[in-house]
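K.L.:
There's a structure below that I have some questions on.
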Amino acid sequence: MTVCEYKPGLEGIPAAQSSISYVDGKQGILEYRGIRIEDLAEKSTFLETSYLLIWGTLPTKEELEAFESEIRYHRRIKYRIRDMMKCFPETGHPMDALQASAAALGLFYSRRALDNPAYIREAVVRLLAKIPTMVAAFQLMRKGNDPVRPRDDLDYSANFLYMLNEREPDPLAARIFDVCLTLHAEHTMNASTFSARVTASTLTDPYAVVASAVGTLAGPLHGGANEEVITMLEEIGSVANVSAWLEDALQRKAKIMGFGHRVYKVKDPRATILQNLAEQLFEKFGHDKYYDIAVELERALEEKLGEKGIYPNVDFYSGLVYRKMGIPTDLFTPVFAIARVAGWLAHWKEQLGENRIYRPTQIYKGSREADYLPIEQR
């Protein structure tokens with residue numbers, strides 16, 4: 001390899017062959033296993049979509065019912081994991097708590113029987129079932145409260161909102177949250193998915209794979225943008241301030257959170273769906289003035305930078321949706337992780353199919369053939 005072949009961040013370098021998801025950034029197309037994201041958002045559920053991503057086909061009615069039943073059965077977490085989480089500092093970030101908790105699952109369930117389909121299914125079920133429970137548990141524990149036990153009579157998304165807010169959610173809110181999970185479930189070879197596949201290629205257990213991916217998602221250049229969107233909208237303060245704020249930001253060449261994407265050169269199709277979901281929430285539960293600021297900022301930025309392909313991405317409206325549901329800002333990325341577990345597990349399973357450990361090369365830039373200098377001469 002020569003210097004001219006080096007691409008910082010491996011930009012544009014294929015790292016795997018995959019059948020899981022497809023993106024056309026110029027036309028704004030996202031597909032899971034060939035099915036458009038718009039169809040899945042309208043007609044599917046998060047667990048049905050997870051099954052599609054991981055096993056490659058839509059489940060039959062019987063298969064989906066069995067899958068949902070297994071998820072319900074495994075929602076609870078062992079008391080030792082709860083006791084461990086109680087020792088986490090209240091000021092710790094929920095993503096750090098989630099990474100530690102996900103890794104801890106491996107202490108109880110890891111057998112690394114990666115050639116056993118039953119073990120693979122058990123791992124998929126446990127991770128999908130327990131990650132939401134751990135996110136909700138830490139939220140209550142850091143406020144000094146005991147976690148809320150899962151309810152078997154509630155579906156996946158309604159149960160999470162119930163554990164988080166200690167009350168049964170409105171059906172519309174639960175359905176919208178389920179769509180949000182579907183939208184965030186998978187998105188080709190992003191940083192956390194690459195991390196998951198690299199970790200999977202060593203043939204370690206799936207709990208370590210997910211913990212690795214959670215740690216990658218926690219970085220501000222990957223997850224967390226929807227948190228910063230809320231901060232940005234609060235800083236702008238009003239629709240009247242949008243123009244002046246934007247002019248100043250562009251002059252300073254500041255990053256405008258929630259806009260632009262490494263792949264999409266048009267509006268992210270997930271952002272379009274999320275904007276519609278936000279409007280449904282506001283119609284039923286009351287308006288949010290920051291939504292008006294967001295709409296005006298999108299209009300003003302499209303006017304100035306639309307020709308450069310700078311449009312809203314999935315993070316721009318998702319934070320407004322989550323906040324209306326009573327989800328704290330620093331839980332936005334853990335919620336992202338709850339959804340993306342499905343995609344990470346799909347890539348883990350696909351990696352096992354034709355595995356070869358990742359071993360990229362490097363371009364050495366250091367000195368050559370240097371002499372060792374004794375410590376007394378340094």
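Following the order of the structure tokens, first chain is A, next is B, and so on, with residues numbered from 1 inside each chain and ligands from 1 in the order they appear.
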Report the residues of stretch 3-153 of chain A whose backbone DSSP state falls under strand (DSSP E), written as a ChimeraX atom specification.
P.N.:
/A:21-24,29-32,35-36
K.L.:
Which residues come within 7 Å of stretch 310-324 of chain A, counting only C-alpha atoms, excluding same-chain residues fewer than 3 positions away, as number ranges by chain?
P.N.:
A: 225-227, 229-230, 258-261, 265-268, 270-271, 274-275, 278, 302, 305-306, 327-329, 332
K.L.:
For stretch 175-188 of chain A, please output as a PyMOL selection string all residues within 7 Å (counting only C-alpha atoms; exclusion window: fewer than 6 positions along the same chain).
P.N.:
chain A and resi 21-22+41+45-46+49+157+270+277+336+339-340+342-343
K.L.:
What's the separation between atom CA of A:Val148 and atom CA of A:Tyr73, in Å to one decimal place?
P.N.:
15.7 Å
K.L.:
Quick one: pick out all helix (DSSP H, G or I) residues within stretch 156-346 of chain A from a backbone DSSP run and write them as a PyMOL selection string.
P.N.:
chain A and resi 156-165+171-184+191-200+206-217+225-236+239-251+269-285+289-308+315-324+329-346
K.L.:
Can you pull out every residue within 10 Å of A:Ala218, counting only C-alpha atoms, but drop anything in the same chain fewer than 4 positions away, and send it as a PyMOL selection string?
P.N.:
chain A and resi 93-96+98-99+192+213-214+222-224+333-334+337
K.L.:
Take the selection from the previous step and output its residues with C-alpha atoms, as an mmCIF file, in the first residue's frame.
P.N.:
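Ended up saving to again.cif:
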data_model
loop_
_atom_site.group_PDB
_atom_site.id
_atom_site.type_symbol
_atom_site.label_atom_id
_atom_site.label_comp_id
_atom_site.auth_asym_id
_atom_site.auth_seq_id
_atom_site.Cartn_x
_atom_site.Cartn_y
_atom_site.Cartn_z
ATOM 1 C CA HIS A 93 -23.378 9.115 31.696
ATOM 2 C CA PRO A 94 -26.071 6.533 30.858
ATOM 3 C CA MET A 95 -24.035 5.314 27.860
ATOM 4 C CA ASP A 96 -21.141 4.389 30.144
ATOM 5 C CA LEU A 98 -25.063 0.765 29.452
ATOM 6 C CA GLN A 99 -21.686 -0.330 28.121
ATOM 7 C CA SER A 192 -20.408 1.411 15.758
ATOM 8 C CA ALA A 213 -20.499 -1.031 19.707
ATOM 9 C CA VAL A 214 -22.125 0.871 22.592
ATOM 10 C CA HIS A 222 -21.308 9.255 16.225
ATOM 11 C CA GLY A 223 -24.142 9.160 18.767
ATOM 12 C CA GLY A 224 -25.237 12.148 20.774
ATOM 13 C CA THR A 333 -28.210 8.077 22.728
ATOM 14 C CA PRO A 334 -29.023 5.058 24.945
ATOM 15 C CA ALA A 337 -28.509 2.022 21.240
#
K.L.:
Counting only C-alpha atoms, which of A:Val209, A:Leu40, A:Ile54, A:Ala173 gets nearest to A:Met325?
P.N.:
A:Ala173
K.L.:
At what distance in Å, to one decimal, does atom CA of A:Val239 lie from atom CA of A:Ile293?
P.N.:
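Atom-to-atom, atom CA of A:Ile293 and atom CA of A:Val239 are spaced 4.8 Å apart.
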K.L.:
Which residue gives the smallest distance to A:Glu63 among A:Lys253, A:Lys78, A:Leu114, A:Leu47, with only C-alpha atoms counted?
P.N.:
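Of A:Lys253, A:Lys78, A:Leu114, A:Leu47, the one nearest A:Glu63 is A:Leu47, counting only C-alpha atoms.
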K.L.:
Show which residues sit within 12 Å of A:Thr204, as a PyMOL selection string. Count only C-alpha atoms, and ignore same-chain residues fewer than 3 positions away.
P.N.:
chain A and resi 103+106+110-114+196-201+207-212+348+351-352+357
